[in-house]
Structures are given as C-alpha cells and as structure tokens.
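A.B. asks: Take a look at input30.csv, CSV, C-alpha atoms:
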chain,number,residue,atom,x,y,z
A,1,MET,CA,-32.3,27.1,-19.5
A,2,PRO,CA,-28.6,28.1,-19.1
A,3,GLU,CA,-26.1,25.7,-20.8
A,4,VAL,CA,-24.1,23.5,-18.5
A,5,ARG,CA,-20.4,24.4,-18.6
A,6,VAL,CA,-18.3,21.2,-19.0
A,7,ASP,CA,-15.1,21.3,-16.9
A,8,SER,CA,-14.3,18.2,-15.1
A,9,LEU,CA,-11.2,19.8,-13.5
A,10,GLU,CA,-13.4,22.1,-11.3
A,11,PHE,CA,-14.1,19.0,-9.1
A,12,PHE,CA,-10.4,18.8,-8.4
A,13,LYS,CA,-10.1,22.3,-7.0
A,14,SER,CA,-10.8,21.4,-3.4
A,15,HIS,CA,-8.4,18.5,-3.6
A,16,TRP,CA,-5.6,20.7,-5.0
A,17,THR,CA,-6.3,23.2,-2.2
A,18,ALA,CA,-6.0,20.4,0.4
A,19,TRP,CA,-2.8,19.1,-1.2
A,20,ARG,CA,-1.3,22.6,-1.1
A,21,VAL,CA,-2.1,22.9,2.6
A,22,LEU,CA,-0.7,19.4,3.2
A,23,GLY,CA,2.5,20.3,1.5
A,24,VAL,CA,2.4,17.8,-1.4
A,25,ALA,CA,1.4,20.1,-4.3
A,26,SER,CA,4.9,21.5,-5.1
A,27,LEU,CA,4.1,20.8,-8.8
A,28,ARG,CA,1.5,23.6,-8.7
A,29,ILE,CA,3.5,26.1,-6.7
A,30,GLU,CA,5.3,28.8,-8.9
A,31,ASN,CA,6.2,31.6,-6.4
A,32,TRP,CA,8.2,31.0,-3.2
A,33,LYS,CA,8.8,27.4,-4.1
A,34,GLN,CA,11.8,26.9,-1.8
A,35,LEU,CA,9.8,28.3,1.2
A,36,TYR,CA,6.9,26.0,0.3
A,37,VAL,CA,9.3,23.0,0.2
A,38,CYS,CA,10.6,23.9,3.7
A,39,TYR,CA,6.9,24.2,5.0
A,40,SER,CA,6.2,20.8,3.4
A,41,ILE,CA,9.1,19.1,5.1
A,42,LEU,CA,8.3,20.7,8.5
A,43,ALA,CA,4.6,20.0,8.3
A,44,ASN,CA,4.9,16.4,7.2
A,45,VAL,CA,7.7,15.5,9.7
A,46,LEU,CA,5.8,17.1,12.6
A,47,VAL,CA,2.3,15.7,11.7
A,48,THR,CA,2.4,13.0,9.0
A,49,LEU,CA,5.3,11.1,10.6
A,50,CYS,CA,5.3,12.2,14.3
A,51,TYR,CA,1.5,12.2,15.0
A,52,PRO,CA,1.0,8.4,14.6
A,53,VAL,CA,4.3,7.9,16.4
A,54,HIS,CA,3.2,9.9,19.5
A,55,LEU,CA,0.0,7.9,19.6
A,56,GLY,CA,1.7,4.5,19.0
A,57,MET,CA,4.2,5.1,21.8
A,58,LEU,CA,1.4,4.6,24.4
A,59,LEU,CA,-0.4,1.6,22.8
A,60,PHE,CA,-1.9,-0.6,25.6
A,61,ARG,CA,0.0,1.5,28.3
A,62,ASN,CA,-2.9,3.8,29.2
A,63,ARG,CA,-4.6,4.3,32.6
A,64,THR,CA,-7.9,2.7,31.5
A,65,LEU,CA,-9.2,0.2,29.0
A,66,THR,CA,-11.3,2.9,27.3
A,67,GLU,CA,-8.2,5.0,26.7
A,68,ASP,CA,-6.4,1.9,25.3
A,69,ILE,CA,-9.2,1.3,22.8
A,70,LEU,CA,-9.4,5.0,21.9
A,71,ASN,CA,-5.7,5.1,21.5
A,72,LEU,CA,-5.7,2.0,19.3
A,73,THR,CA,-8.4,3.1,16.9
A,74,THR,CA,-6.9,6.6,16.5
A,75,PHE,CA,-3.4,5.2,16.0
A,76,ALA,CA,-4.7,2.8,13.3
A,77,THR,CA,-6.6,5.5,11.5
A,78,CYS,CA,-3.8,8.1,11.7
A,79,THR,CA,-1.2,5.6,10.6
A,80,ALA,CA,-3.3,4.6,7.6
A,81,CYS,CA,-4.0,8.2,6.8
A,82,SER,CA,-0.3,9.2,6.9
A,83,VAL,CA,0.7,6.2,4.7
A,84,LYS,CA,-2.1,7.0,2.1
A,85,CYS,CA,-1.0,10.7,2.1
A,86,LEU,CA,2.6,9.7,1.4
A,87,LEU,CA,1.6,7.3,-1.4
A,88,TYR,CA,-0.5,10.0,-3.0
A,89,ALA,CA,2.3,12.6,-2.6
A,90,TYR,CA,4.7,10.2,-4.3
A,91,ASN,CA,2.4,9.7,-7.3
A,92,ILE,CA,0.9,13.2,-7.4
A,93,LYS,CA,2.3,13.9,-10.9
A,94,ASP,CA,-0.2,11.2,-12.2
A,95,VAL,CA,-3.0,13.7,-11.4
A,96,LEU,CA,-1.7,16.1,-14.0
A,97,GLU,CA,-2.0,13.3,-16.6
A,98,MET,CA,-5.5,12.5,-15.4
A,99,GLU,CA,-6.4,16.2,-15.9
A,100,ARG,CA,-5.0,16.1,-19.5
A,101,LEU,CA,-7.1,13.2,-20.4
A,102,LEU,CA,-10.2,14.7,-18.8
A,103,ARG,CA,-9.7,17.9,-20.9
A,104,LEU,CA,-9.7,15.8,-24.0
A,105,LEU,CA,-12.9,14.0,-23.0
A,106,ASP,CA,-14.6,17.3,-22.0
A,107,GLU,CA,-13.9,18.7,-25.5
A,108,ARG,CA,-16.0,15.9,-26.9
A,109,VAL,CA,-19.1,16.6,-24.8
A,110,ALA,CA,-21.9,18.1,-27.1
A,111,GLY,CA,-25.6,18.3,-27.2
A,112,PRO,CA,-28.2,18.7,-24.4
A,113,VAL,CA,-28.4,14.9,-23.6
A,114,GLN,CA,-24.6,14.7,-22.9
A,115,ARG,CA,-24.6,18.0,-21.0
A,116,GLY,CA,-27.5,16.7,-19.0
A,117,ILE,CA,-25.5,13.7,-17.9
A,118,TYR,CA,-22.6,15.9,-17.0
A,119,GLY,CA,-25.0,18.1,-15.0
A,120,GLN,CA,-26.0,15.0,-12.9
A,121,VAL,CA,-22.3,14.7,-11.8
A,122,ARG,CA,-22.6,18.0,-9.8
A,123,VAL,CA,-25.5,16.5,-7.8
A,124,GLN,CA,-23.7,13.2,-7.2
A,125,LEU,CA,-20.5,14.8,-6.1
A,126,ARG,CA,-22.3,17.3,-3.9
A,127,ASN,CA,-23.9,14.2,-2.2
A,128,VAL,CA,-20.4,12.7,-1.8
A,129,LEU,CA,-19.3,15.9,-0.1
A,130,TYR,CA,-22.3,15.8,2.3
A,131,VAL,CA,-21.4,12.2,3.1
A,132,PHE,CA,-17.8,13.1,4.1
A,133,ILE,CA,-19.0,16.2,6.1
A,134,GLY,CA,-21.5,13.9,7.9
A,135,ILE,CA,-18.7,11.5,8.7
A,136,TYR,CA,-16.1,14.0,10.0
A,137,LEU,CA,-18.2,16.5,11.9
A,138,PRO,CA,-19.9,14.2,14.5
A,139,CYS,CA,-16.7,12.3,15.1
A,140,ALA,CA,-14.7,15.5,15.7
A,141,LEU,CA,-17.5,17.0,17.8
A,142,PHE,CA,-17.9,14.0,20.1
A,143,ALA,CA,-14.1,13.5,20.4
A,144,GLU,CA,-13.9,17.1,21.6
A,145,LEU,CA,-16.9,16.8,23.9
A,146,SER,CA,-15.5,13.6,25.4
A,147,PHE,CA,-12.3,15.6,26.0
A,148,LEU,CA,-14.0,18.6,27.5
A,149,PHE,CA,-16.2,16.6,29.9
A,150,LYS,CA,-13.2,14.8,31.5
A,151,GLU,CA,-13.2,15.3,35.2
A,152,GLU,CA,-9.4,15.5,35.4
A,153,ARG,CA,-6.7,17.0,33.2
A,154,GLY,CA,-6.3,14.9,30.1
A,155,LEU,CA,-5.6,14.9,26.3
A,156,MET,CA,-8.0,14.6,23.4
A,157,TYR,CA,-6.3,11.3,22.4
A,158,PRO,CA,-4.1,9.3,24.8
A,159,ALA,CA,-0.6,9.8,23.6
A,160,TRP,CA,3.1,10.1,24.6
A,161,PHE,CA,5.0,13.5,24.8
A,162,PRO,CA,8.7,14.0,25.6
A,163,PHE,CA,7.7,16.4,28.4
A,164,ASP,CA,5.5,16.4,31.4
A,165,TRP,CA,2.1,17.8,30.3
A,166,LEU,CA,0.2,16.6,33.3
A,167,HIS,CA,1.8,18.8,36.0
A,168,SER,CA,2.7,21.8,33.8
A,169,THR,CA,0.0,24.1,32.6
A,170,ARG,CA,2.2,25.5,29.8
A,171,ASN,CA,3.1,22.0,28.6
A,172,TYR,CA,-0.5,20.9,28.9
A,173,TYR,CA,-1.6,23.6,26.5
A,174,ILE,CA,1.2,22.9,24.1
A,175,ALA,CA,0.3,19.2,24.0
A,176,ASN,CA,-3.4,19.9,23.4
A,177,ALA,CA,-2.6,22.5,20.7
A,178,TYR,CA,-0.4,20.0,18.9
A,179,GLN,CA,-3.2,17.3,19.1
A,180,ILE,CA,-5.9,19.7,17.8
A,181,VAL,CA,-3.7,21.1,14.9
A,182,GLY,CA,-2.5,17.6,14.2
A,183,ILE,CA,-5.9,15.9,14.0
A,184,THR,CA,-7.2,18.8,11.8
A,185,PHE,CA,-4.2,18.2,9.5
A,186,GLN,CA,-5.0,14.4,9.5
A,187,LEU,CA,-8.7,15.0,8.9
A,188,LEU,CA,-7.7,17.0,5.8
A,189,GLN,CA,-5.4,14.2,4.7
A,190,ASN,CA,-8.3,11.7,5.2
A,191,TYR,CA,-10.7,13.9,3.3
A,192,VAL,CA,-8.6,14.1,0.2
A,193,SER,CA,-7.4,10.5,0.4
A,194,ASP,CA,-11.0,9.1,0.6
A,195,CYS,CA,-12.8,11.7,-1.5
A,196,PHE,CA,-10.5,11.8,-4.5
A,197,PRO,CA,-11.1,8.2,-5.6
A,198,ALA,CA,-14.8,8.6,-5.4
A,199,VAL,CA,-14.7,11.9,-7.4
A,200,VAL,CA,-12.5,10.6,-10.2
A,201,LEU,CA,-14.4,7.3,-10.5
A,202,CYS,CA,-17.7,9.3,-10.7
A,203,LEU,CA,-16.2,11.4,-13.6
A,204,ILE,CA,-15.1,8.2,-15.4
A,205,SER,CA,-18.7,6.9,-15.1
A,206,SER,CA,-20.2,10.1,-16.5
A,207,HIS,CA,-17.8,10.1,-19.5
A,208,ILE,CA,-18.6,6.5,-20.3
A,209,LYS,CA,-22.3,7.3,-20.2
A,210,MET,CA,-21.7,10.3,-22.6
A,211,LEU,CA,-19.6,8.1,-24.9
A,212,TYR,CA,-22.6,5.6,-24.9
A,213,LYS,CA,-24.8,8.4,-26.2
A,214,ARG,CA,-22.2,9.4,-28.8
A,215,PHE,CA,-22.1,5.8,-30.1
A,216,GLU,CA,-25.9,5.7,-30.4
A,217,GLU,CA,-25.8,8.8,-32.6
A,218,VAL,CA,-23.2,7.5,-35.1
A,219,GLY,CA,-24.6,7.1,-38.6
A,220,LEU,CA,-27.9,8.8,-37.8
A,221,ASP,CA,-26.9,12.1,-39.5
A,222,PRO,CA,-26.3,11.6,-43.3
A,223,ALA,CA,-24.5,14.9,-43.5
A,224,ARG,CA,-21.7,13.5,-41.2
A,225,ASP,CA,-19.0,11.0,-42.0
A,226,ALA,CA,-20.1,8.0,-39.9
A,227,GLU,CA,-16.7,6.3,-40.1
A,228,LYS,CA,-14.9,9.3,-38.7
A,229,ASP,CA,-17.5,9.6,-35.9
A,230,LEU,CA,-16.9,6.0,-35.1
A,231,GLU,CA,-13.1,6.5,-35.1
A,232,ALA,CA,-13.5,9.5,-32.7
A,233,CYS,CA,-15.6,7.4,-30.4
A,234,ILE,CA,-13.0,4.7,-30.4
A,235,THR,CA,-10.4,7.3,-29.6
A,236,ASP,CA,-12.5,8.5,-26.7
A,237,HIS,CA,-12.8,4.9,-25.4
A,238,LYS,CA,-9.0,4.7,-25.5
A,239,HIS,CA,-8.7,7.9,-23.5
A,240,ILE,CA,-11.2,6.7,-20.9
A,241,LEU,CA,-9.3,3.4,-20.6
A,242,GLU,CA,-6.0,5.2,-20.1
A,243,LEU,CA,-7.6,7.4,-17.5
A,244,PHE,CA,-9.1,4.4,-15.8
A,245,ARG,CA,-5.7,2.6,-15.7
A,246,ARG,CA,-4.0,5.7,-14.2
A,247,VAL,CA,-6.7,6.1,-11.6
A,248,GLU,CA,-6.5,2.4,-10.7
A,249,ALA,CA,-2.7,2.6,-10.2
A,250,PHE,CA,-3.0,5.8,-8.2
A,251,ILE,CA,-5.6,4.6,-5.7
A,252,SER,CA,-4.7,0.9,-5.6
A,253,LEU,CA,-2.5,0.7,-2.5
A,254,PRO,CA,-4.3,3.5,-0.6
A,255,MET,CA,-7.7,1.7,-1.1
A,256,LEU,CA,-6.3,-1.6,0.0
A,257,ILE,CA,-5.0,0.1,3.2
A,258,GLN,CA,-8.4,1.7,3.7
A,259,PHE,CA,-10.3,-1.5,3.3
A,260,THR,CA,-8.1,-3.2,5.9
A,261,VAL,CA,-8.2,-0.4,8.5
A,262,THR,CA,-12.0,-0.1,8.0
A,263,ALA,CA,-12.6,-3.8,8.9
A,264,LEU,CA,-10.3,-3.5,11.9
A,265,ASN,CA,-11.7,-0.3,13.3
A,266,VAL,CA,-15.4,-1.2,12.8
A,267,CYS,CA,-14.7,-4.4,14.7
A,268,ILE,CA,-12.8,-2.6,17.5
A,269,GLY,CA,-15.5,0.2,17.7
A,270,ILE,CA,-18.4,-2.3,18.0
A,271,ALA,CA,-16.4,-4.4,20.6
A,272,ALA,CA,-15.7,-1.2,22.6
A,273,LEU,CA,-19.4,-0.3,22.6
A,274,VAL,CA,-20.6,-3.8,23.6
A,275,PHE,CA,-18.0,-4.9,26.1
A,276,PHE,CA,-15.6,-2.2,27.3
A,277,VAL,CA,-16.8,1.5,27.2
A,278,SER,CA,-19.2,2.8,29.8
A,279,GLU,CA,-18.7,6.6,29.7
A,280,PRO,CA,-21.7,8.3,27.8
A,281,MET,CA,-19.6,10.6,25.7
A,282,SER,CA,-17.1,7.8,24.8
A,283,ARG,CA,-20.0,5.5,23.8
A,284,ILE,CA,-21.6,8.2,21.5
A,285,TYR,CA,-18.1,8.8,20.0
A,286,PHE,CA,-17.7,5.1,19.2
A,287,ILE,CA,-21.2,4.9,17.7
A,288,PHE,CA,-20.4,7.6,15.2
A,289,TYR,CA,-16.9,6.3,14.7
A,290,SER,CA,-18.2,2.8,13.8
A,291,MET,CA,-20.7,4.3,11.4
A,292,ALA,CA,-18.2,6.6,9.8
A,293,MET,CA,-15.5,4.0,8.9
A,294,PRO,CA,-17.7,2.1,6.4
A,295,LEU,CA,-19.0,5.4,4.9
A,296,GLN,CA,-15.5,6.4,4.0
A,297,ILE,CA,-15.2,3.6,1.5
A,298,PHE,CA,-18.8,3.4,0.3
A,299,PRO,CA,-18.7,6.3,-2.3
A,300,SER,CA,-15.6,4.8,-4.0
A,301,CYS,CA,-17.1,1.3,-4.0
A,302,PHE,CA,-20.4,2.6,-5.4
A,303,PHE,CA,-18.7,4.5,-8.3
A,304,GLY,CA,-16.3,1.5,-8.8
A,305,THR,CA,-19.4,-0.7,-9.4
A,306,ASP,CA,-20.9,2.0,-11.6
A,307,ASN,CA,-17.7,2.0,-13.7
A,308,GLU,CA,-17.8,-1.8,-14.2
A,309,TYR,CA,-21.5,-1.6,-15.2
A,310,TRP,CA,-21.1,1.1,-17.8
A,311,PHE,CA,-17.9,-0.4,-19.3
A,312,GLY,CA,-19.8,-3.6,-19.7
A,313,ARG,CA,-22.6,-1.9,-21.7
A,314,LEU,CA,-20.5,-0.2,-24.3
A,315,HIS,CA,-20.8,-3.0,-26.8
A,316,TYR,CA,-24.6,-2.6,-26.7
A,317,ALA,CA,-24.1,1.1,-27.6
A,318,ALA,CA,-21.9,0.1,-30.6
A,319,PHE,CA,-24.7,-2.1,-32.0
A,320,SER,CA,-27.3,0.7,-31.3
A,321,CYS,CA,-25.8,2.9,-33.9
A,322,ASN,CA,-26.8,2.9,-37.6
A,323,TRP,CA,-24.1,0.3,-38.5
A,324,HIS,CA,-26.1,-1.9,-41.0
A,325,ASN,CA,-26.1,0.7,-43.7
A,326,GLN,CA,-22.3,1.5,-43.5
A,327,GLU,CA,-19.3,0.4,-45.5
A,328,ARG,CA,-17.3,-2.8,-44.8
A,329,SER,CA,-14.4,-0.9,-43.3
A,330,PHE,CA,-16.8,0.7,-40.8
A,331,LYS,CA,-18.2,-2.7,-39.7
A,332,ARG,CA,-14.6,-4.1,-39.3
A,333,LYS,CA,-13.6,-1.2,-37.0
A,334,MET,CA,-16.8,-1.6,-35.1
A,335,MET,CA,-16.3,-5.3,-34.5
A,336,LEU,CA,-12.7,-4.7,-33.3
A,337,PHE,CA,-14.1,-2.1,-30.8
A,338,VAL,CA,-16.8,-4.5,-29.6
A,339,GLU,CA,-14.2,-7.2,-29.0
A,340,ARG,CA,-12.1,-4.8,-27.0
A,341,SER,CA,-15.0,-3.5,-25.0
A,342,LEU,CA,-16.0,-7.1,-23.9
A,343,LYS,CA,-12.8,-7.2,-21.8
A,344,ARG,CA,-13.9,-6.6,-18.2
A,345,SER,CA,-12.7,-3.3,-16.6
A,346,THR,CA,-12.8,-3.3,-12.8
A,347,ALA,CA,-10.6,-1.2,-10.5
A,348,VAL,CA,-8.6,-3.4,-8.2
A,349,ALA,CA,-7.1,-2.4,-4.8
A,350,GLY,CA,-3.6,-3.8,-4.3
A,351,GLY,CA,-4.1,-6.4,-7.0
A,352,MET,CA,-6.4,-8.3,-4.7
A,353,MET,CA,-9.7,-6.5,-3.9
A,354,ARG,CA,-12.1,-5.0,-6.3
A,355,VAL,CA,-13.2,-1.4,-5.7
A,356,HIS,CA,-16.8,-2.6,-5.7
A,357,LEU,CA,-19.9,-2.8,-3.5
A,358,ASP,CA,-19.1,-6.5,-3.1
A,359,THR,CA,-15.9,-5.6,-1.4
A,360,PHE,CA,-17.7,-3.0,0.8
A,361,PHE,CA,-20.0,-5.8,2.1
A,362,SER,CA,-17.0,-8.2,2.4
A,363,THR,CA,-15.3,-5.6,4.5
A,364,LEU,CA,-18.2,-5.5,6.9
A,365,LYS,CA,-18.3,-9.3,7.0
A,366,GLY,CA,-14.6,-9.2,7.8
A,367,ALA,CA,-15.3,-6.9,10.7
A,368,TYR,CA,-18.0,-9.2,11.9
A,369,SER,CA,-15.7,-12.2,11.7
A,370,LEU,CA,-13.1,-10.4,13.8
A,371,PHE,CA,-15.8,-9.5,16.3
A,372,THR,CA,-16.9,-13.1,16.7
A,373,ILE,CA,-13.2,-14.0,17.4
A,374,ILE,CA,-13.2,-11.4,20.2
A,375,ILE,CA,-16.4,-12.9,21.7
A,376,ARG,CA,-14.9,-16.4,21.7
A,377,MET,CA,-11.7,-15.1,23.3
A,378,ARG,CA,-13.8,-13.5,26.1
A,379,LYS,CA,-15.6,-16.8,26.7
Is it possible to give me this structure as structure tokens?

C.D. replies:
Amino acid sequence: MPEVRVDSLEFFKSHWTAWRVLGVASLRIENWKQLYVCYSILANVLVTLCYPVHLGMLLFRNRTLTEDILNLTTFATCTACSVKCLLYAYNIKDVLEMERLLRLLDERVAGPVQRGIYGQVRVQLRNVLYVFIGIYLPCALFAELSFLFKEERGLMYPAWFPFDWLHSTRNYYIANAYQIVGITFQLLQNYVSDCFPAVVLCLISSHIKMLYKRFEEVGLDPARDAEKDLEACITDHKHILELFRRVEAFISLPMLIQFTVTALNVCIGIAALVFFVSEPMSRIYFIFYSMAMPLQIFPSCFFGTDNEYWFGRLHYAAFSCNWHNQERSFKRKMMLFVERSLKRSTAVAGGMMRVHLDTFFSTLKGAYSLFTIIIRMRK
C-alpha cells in the first residue's frame, strides 16, 4: 500500500488559484506584479463593487413581482459575496501564517495510524467539493434557463445600466456579457469564501485527531524519552491553538455575514415559491436556491462542531498515555496541559454566533421566523 504523502497545503491550491483570478493574491505574484495590481483594481471595481450596485439600483422598481424578488435575493447574495471577498483580501496575509503552522504540524505526522487519519481528510474535502459543485451548478443552470426561456428581451438578473439595453442590440449583448462574466466572478468569490473555512477547519480537526494518537503513544516505548515526547505534544497543541485562533479571526466576520444572508434568502426564496412566483423555470430556480443557501454554511458548521468535540477530548488522550510510571516533572507538565486543554475552544462568528451545527439549525429557525412574519403581514 503506497504511503500517504502529508501536505496540508495541497488543499489550499484551488483557493490560491481562485484568489489569483480574483485579484487578491498579490502576495504570491512575483512576475508582472504591477500589471497584476492594475488587473486587480480594474476587476474588483467593475465586479466586486459595481455588480451589487447595478443590481441594487433597481431594487423594488422592476416590471413584475417575480423580478423584484429575483433582484432582491441576487442583490443580497452578491453584496454579501463582495463584502466577504474584500474582508478576506484585507486579511490575506494571515493565510501565509496558517500555512507556516500547518507545515510544522505536518512534520509531526508519523506512523500508519496518523497517516490513515490524514488520508481520510482527502475523502472529506472531496465530499465538500461535491457539495459546493452541487450547490452552484443547478442554480447557475436554472438561472440561465429562466433567462433563455423569456418571451421578450431581458437580462439574466433584473438590473440597472447607464445605457438603453432594451432597444439596442449592441447594448443588449454588452449588458448580458457583463452579467454573465460578473456572476461567474461572483460565484468564484462565493466558492472560495464558503469553501476555505470548511477546508481549514477540517484540517484542524484532523491534526487534533493525530495529536490525540501521539499523546496515547507517549511513554509506551522505553527507548524514547517520554518527557521530551510529552513536551513535543504540548508544543503541537500550542501550534494547533494558534492556528485555530488565526482561522477564527480570519473567518469571523465573513461567517457572520453568511449566516445573516442565509436566513434572509432562505426566507425570501420560500416565500417566493409559496406566494409570489408562478413561472415554472423561476419556481425551479427558487427551489434550488432555497436548498443551496443552507448548504453553503453546513460544511463549515459541521467541521466547527468537529473541532469543538476533539478539542474537548484531548485531556482524555493525556491520561491515556503511560503517565503513572513517569517522573514527577512529567506528571506536573501533563497536569498543566490537562488544565489548559479543559478550556473550551469554539470558533465564533462576529463574537456572537458559534460556527457550529447548533447555529446552522438556528439559522433555519430564523428563516422560518421571518417567513411567519410575512404570512402574518399578508393576512
């Protein structure tokens, strides 16, 4: 059986590729840096800033109620996407520090059991990728089909342009080209904004599990210095905690924004299906859209819960080692570690909401509460 190569940074490759395309990876650009900076400014002004604006200019001013709802949901999603992208771009240097800490932790992985745990990460993250592909493709497909099956000339998303696209064929194609390129750019922003927290939280969980196994092996081999092995494990724990704190600070505000927008858009999507939208393609679009919004936050919430669970079990691992035959200094260090490991470690979004499955279900409950308010208003 071939040995599993341990390299946590390989899971960041797709994100760095996306960040390069999005114009926020100037730290990784060595050649043609000035040209890249110009591209970054142009792309982010035209799409990150202008795309939500051109949608927002037509809020509640469209020809039909269906277009108003489509305009509102798209505007909310794109605005949140742009804000998250700008927040990540501002703190992008923190990713380099995360990579440094992951390299240190990767160097400590040894033995078939730990490598087996690392091998499971590939399967988990492949499933995360499938989730996001399953989210984006149907929404993009039915948005396009809804646009193609329109009986009269129209846009993919109701929006404002500073020129007359309705009565000019050239302007019509320019407007649609801008919307297609822009929404592709925004989908890439959304992918990296929603997928990166799930990936890095999954990696933290896997390294906690591997540290758990290393603790269990301390003192079992009489040829090794048990106290040095314990010190190495405590150092690994410090690295994991530092990585966790950096990740929490990096994803805190973007995750808070995503929780809020998810509750709002799930509510609007369901209300549109039940009360307002009658066109078949629009109804199918809102069905997939309402399903996609919760799935965007589920992987991050799942691995946030997994982090909390495994952080909370580390003190059991310390007592699973061969500690009772060790010196007094060993036991003192182990007790200090146990006291530290008892402190609860949970990622918190915006200082208010845990990145946890409880928050995932609370978000859905919040969407339902907003939906009941709409029902009462209609009555």

A.B. asks: Measuring atom to atom with all atoms listed in the file, identify which of A:Met57, A:Met293, A:Tyr51, A:Ile374 is nearest to Val181 (chain A).

C.D. replies: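 Checking each candidate against Val181 (chain A), we get A:Tyr51 as the closest.
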
A.B. asks: Nearest residue to Pro254 (chain A) out of A:Glu216, A:Asp194, A:Asp236, A:Glu107, using only C-alpha atoms?

C.D. replies: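 When distances to Pro254 (chain A) are compared using only C-alpha atoms, the smallest one comes from A:Asp194.
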
A.B. asks: Need the shell around Ser252 (chain A): protein/DNA/RNA residues with any atom at most 6 Å away, counting only C-alpha atoms. Skip same-chain ones fewer than 4 positions apart. Format as a PyMOL selection string?

C.D. replies: chain A and resi 248+349-350

A.B. asks: Here is a test: counting only C-alpha atoms, which residue of A:Asn322, A:Ser282, A:Asn176, A:Ser341 is nearest to His237 (chain A)?

C.D. replies: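 Checking each candidate against His237 (chain A), we get A:Ser341 as the closest.
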
A.B. asks: So how far away is CA of Leu230 (chain A) from CA of Leu336 (chain A), in Å?

C.D. replies: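 For CA of Leu336 (chain A) relative to CA of Leu230 (chain A), the distance reads 11.6 Å.
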
A.B. asks: One decimal, Å: what's the distance from CA of Thr359 (chain A) over to CA of Ala76 (chain A), could you say?

C.D. replies: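 So the two atoms, CA of Thr359 (chain A) and CA of Ala76 (chain A), lie 20.3 Å apart.
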
A.B. asks: Excluding Val24 (chain A) and residues on its chain fewer than 5 positions from it, collect all residues at most 8 Å away from it, counting all atoms listed in the file, and give them as an MDAnalysis selection string.

C.D. replies: chainID A and resid 19 40 89 92

A.B. asks: Rebuild N, CA, C and O atoms on region 340-356 of chain A, as a PDB file, in the coordinates of the input?

C.D. replies:
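Writing done, so here's out_14.pdb:
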ATOM      1  N   ARG A 340     -12.833  -5.447 -28.083  1.00  0.00           N
ATOM      2  CA  ARG A 340     -12.100  -4.800 -27.000  1.00  0.00           C
ATOM      3  C   ARG A 340     -12.943  -4.446 -25.826  1.00  0.00           C
ATOM      4  O   ARG A 340     -12.545  -4.586 -24.665  1.00  0.00           O
ATOM      5  N   SER A 341     -14.137  -3.973 -26.108  1.00  0.00           N
ATOM      6  CA  SER A 341     -15.000  -3.500 -25.000  1.00  0.00           C
ATOM      7  C   SER A 341     -15.562  -4.673 -24.196  1.00  0.00           C
ATOM      8  O   SER A 341     -16.057  -4.458 -23.086  1.00  0.00           O
ATOM      9  N   LEU A 342     -15.480  -5.907 -24.697  1.00  0.00           N
ATOM     10  CA  LEU A 342     -16.000  -7.100 -23.900  1.00  0.00           C
ATOM     11  C   LEU A 342     -15.015  -7.423 -22.788  1.00  0.00           C
ATOM     12  O   LEU A 342     -15.406  -8.150 -21.876  1.00  0.00           O
ATOM     13  N   LYS A 343     -13.780  -6.914 -22.842  1.00  0.00           N
ATOM     14  CA  LYS A 343     -12.800  -7.200 -21.800  1.00  0.00           C
ATOM     15  C   LYS A 343     -13.310  -6.443 -20.501  1.00  0.00           C
ATOM     16  O   LYS A 343     -13.608  -5.251 -20.530  1.00  0.00           O
ATOM     17  N   ARG A 344     -13.335  -7.166 -19.396  1.00  0.00           N
ATOM     18  CA  ARG A 344     -13.900  -6.600 -18.200  1.00  0.00           C
ATOM     19  C   ARG A 344     -12.918  -5.548 -17.597  1.00  0.00           C
ATOM     20  O   ARG A 344     -11.705  -5.760 -17.547  1.00  0.00           O
ATOM     21  N   SER A 345     -13.459  -4.417 -17.179  1.00  0.00           N
ATOM     22  CA  SER A 345     -12.700  -3.300 -16.600  1.00  0.00           C
ATOM     23  C   SER A 345     -13.179  -3.049 -15.193  1.00  0.00           C
ATOM     24  O   SER A 345     -14.263  -2.491 -15.011  1.00  0.00           O
ATOM     25  N   THR A 346     -12.392  -3.467 -14.204  1.00  0.00           N
ATOM     26  CA  THR A 346     -12.800  -3.300 -12.800  1.00  0.00           C
ATOM     27  C   THR A 346     -11.540  -2.754 -12.044  1.00  0.00           C
ATOM     28  O   THR A 346     -10.448  -3.314 -12.175  1.00  0.00           O
ATOM     29  N   ALA A 347     -11.703  -1.695 -11.282  1.00  0.00           N
ATOM     30  CA  ALA A 347     -10.600  -1.200 -10.500  1.00  0.00           C
ATOM     31  C   ALA A 347     -10.312  -2.171  -9.347  1.00  0.00           C
ATOM     32  O   ALA A 347     -11.225  -2.672  -8.690  1.00  0.00           O
ATOM     33  N   VAL A 348      -9.022  -2.467  -9.159  1.00  0.00           N
ATOM     34  CA  VAL A 348      -8.600  -3.400  -8.200  1.00  0.00           C
ATOM     35  C   VAL A 348      -7.642  -2.775  -7.181  1.00  0.00           C
ATOM     36  O   VAL A 348      -6.695  -2.093  -7.590  1.00  0.00           O
ATOM     37  N   ALA A 349      -7.898  -2.953  -5.889  1.00  0.00           N
ATOM     38  CA  ALA A 349      -7.100  -2.400  -4.800  1.00  0.00           C
ATOM     39  C   ALA A 349      -5.962  -3.351  -4.462  1.00  0.00           C
ATOM     40  O   ALA A 349      -6.262  -4.467  -4.022  1.00  0.00           O
ATOM     41  N   GLY A 350      -4.716  -2.946  -4.653  1.00  0.00           N
ATOM     42  CA  GLY A 350      -3.600  -3.800  -4.300  1.00  0.00           C
ATOM     43  C   GLY A 350      -3.491  -5.081  -5.041  1.00  0.00           C
ATOM     44  O   GLY A 350      -2.840  -6.021  -4.585  1.00  0.00           O
ATOM     45  N   GLY A 351      -4.134  -5.151  -6.222  1.00  0.00           N
ATOM     46  CA  GLY A 351      -4.100  -6.400  -7.000  1.00  0.00           C
ATOM     47  C   GLY A 351      -4.917  -7.503  -6.443  1.00  0.00           C
ATOM     48  O   GLY A 351      -4.875  -8.628  -6.955  1.00  0.00           O
ATOM     49  N   MET A 352      -5.708  -7.233  -5.387  1.00  0.00           N
ATOM     50  CA  MET A 352      -6.400  -8.300  -4.700  1.00  0.00           C
ATOM     51  C   MET A 352      -7.925  -8.050  -4.560  1.00  0.00           C
ATOM     52  O   MET A 352      -8.736  -8.958  -4.739  1.00  0.00           O
ATOM     53  N   MET A 353      -8.308  -6.815  -4.230  1.00  0.00           N
ATOM     54  CA  MET A 353      -9.700  -6.500  -3.900  1.00  0.00           C
ATOM     55  C   MET A 353     -10.291  -5.525  -4.853  1.00  0.00           C
ATOM     56  O   MET A 353      -9.714  -4.462  -5.096  1.00  0.00           O
ATOM     57  N   ARG A 354     -11.447  -5.877  -5.398  1.00  0.00           N
ATOM     58  CA  ARG A 354     -12.100  -5.000  -6.300  1.00  0.00           C
ATOM     59  C   ARG A 354     -12.642  -3.736  -5.567  1.00  0.00           C
ATOM     60  O   ARG A 354     -13.116  -3.856  -4.432  1.00  0.00           O
ATOM     61  N   VAL A 355     -12.545  -2.583  -6.211  1.00  0.00           N
ATOM     62  CA  VAL A 355     -13.200  -1.400  -5.700  1.00  0.00           C
ATOM     63  C   VAL A 355     -14.648  -1.470  -6.114  1.00  0.00           C
ATOM     64  O   VAL A 355     -15.052  -0.969  -7.163  1.00  0.00           O
ATOM     65  N   HIS A 356     -15.440  -2.142  -5.312  1.00  0.00           N
ATOM     66  CA  HIS A 356     -16.800  -2.600  -5.700  1.00  0.00           C
ATOM     67  C   HIS A 356     -17.639  -2.724  -4.488  1.00  0.00           C
ATOM     68  O   HIS A 356     -17.141  -2.922  -3.378  1.00  0.00           O
TER      69      HIS A 356
END
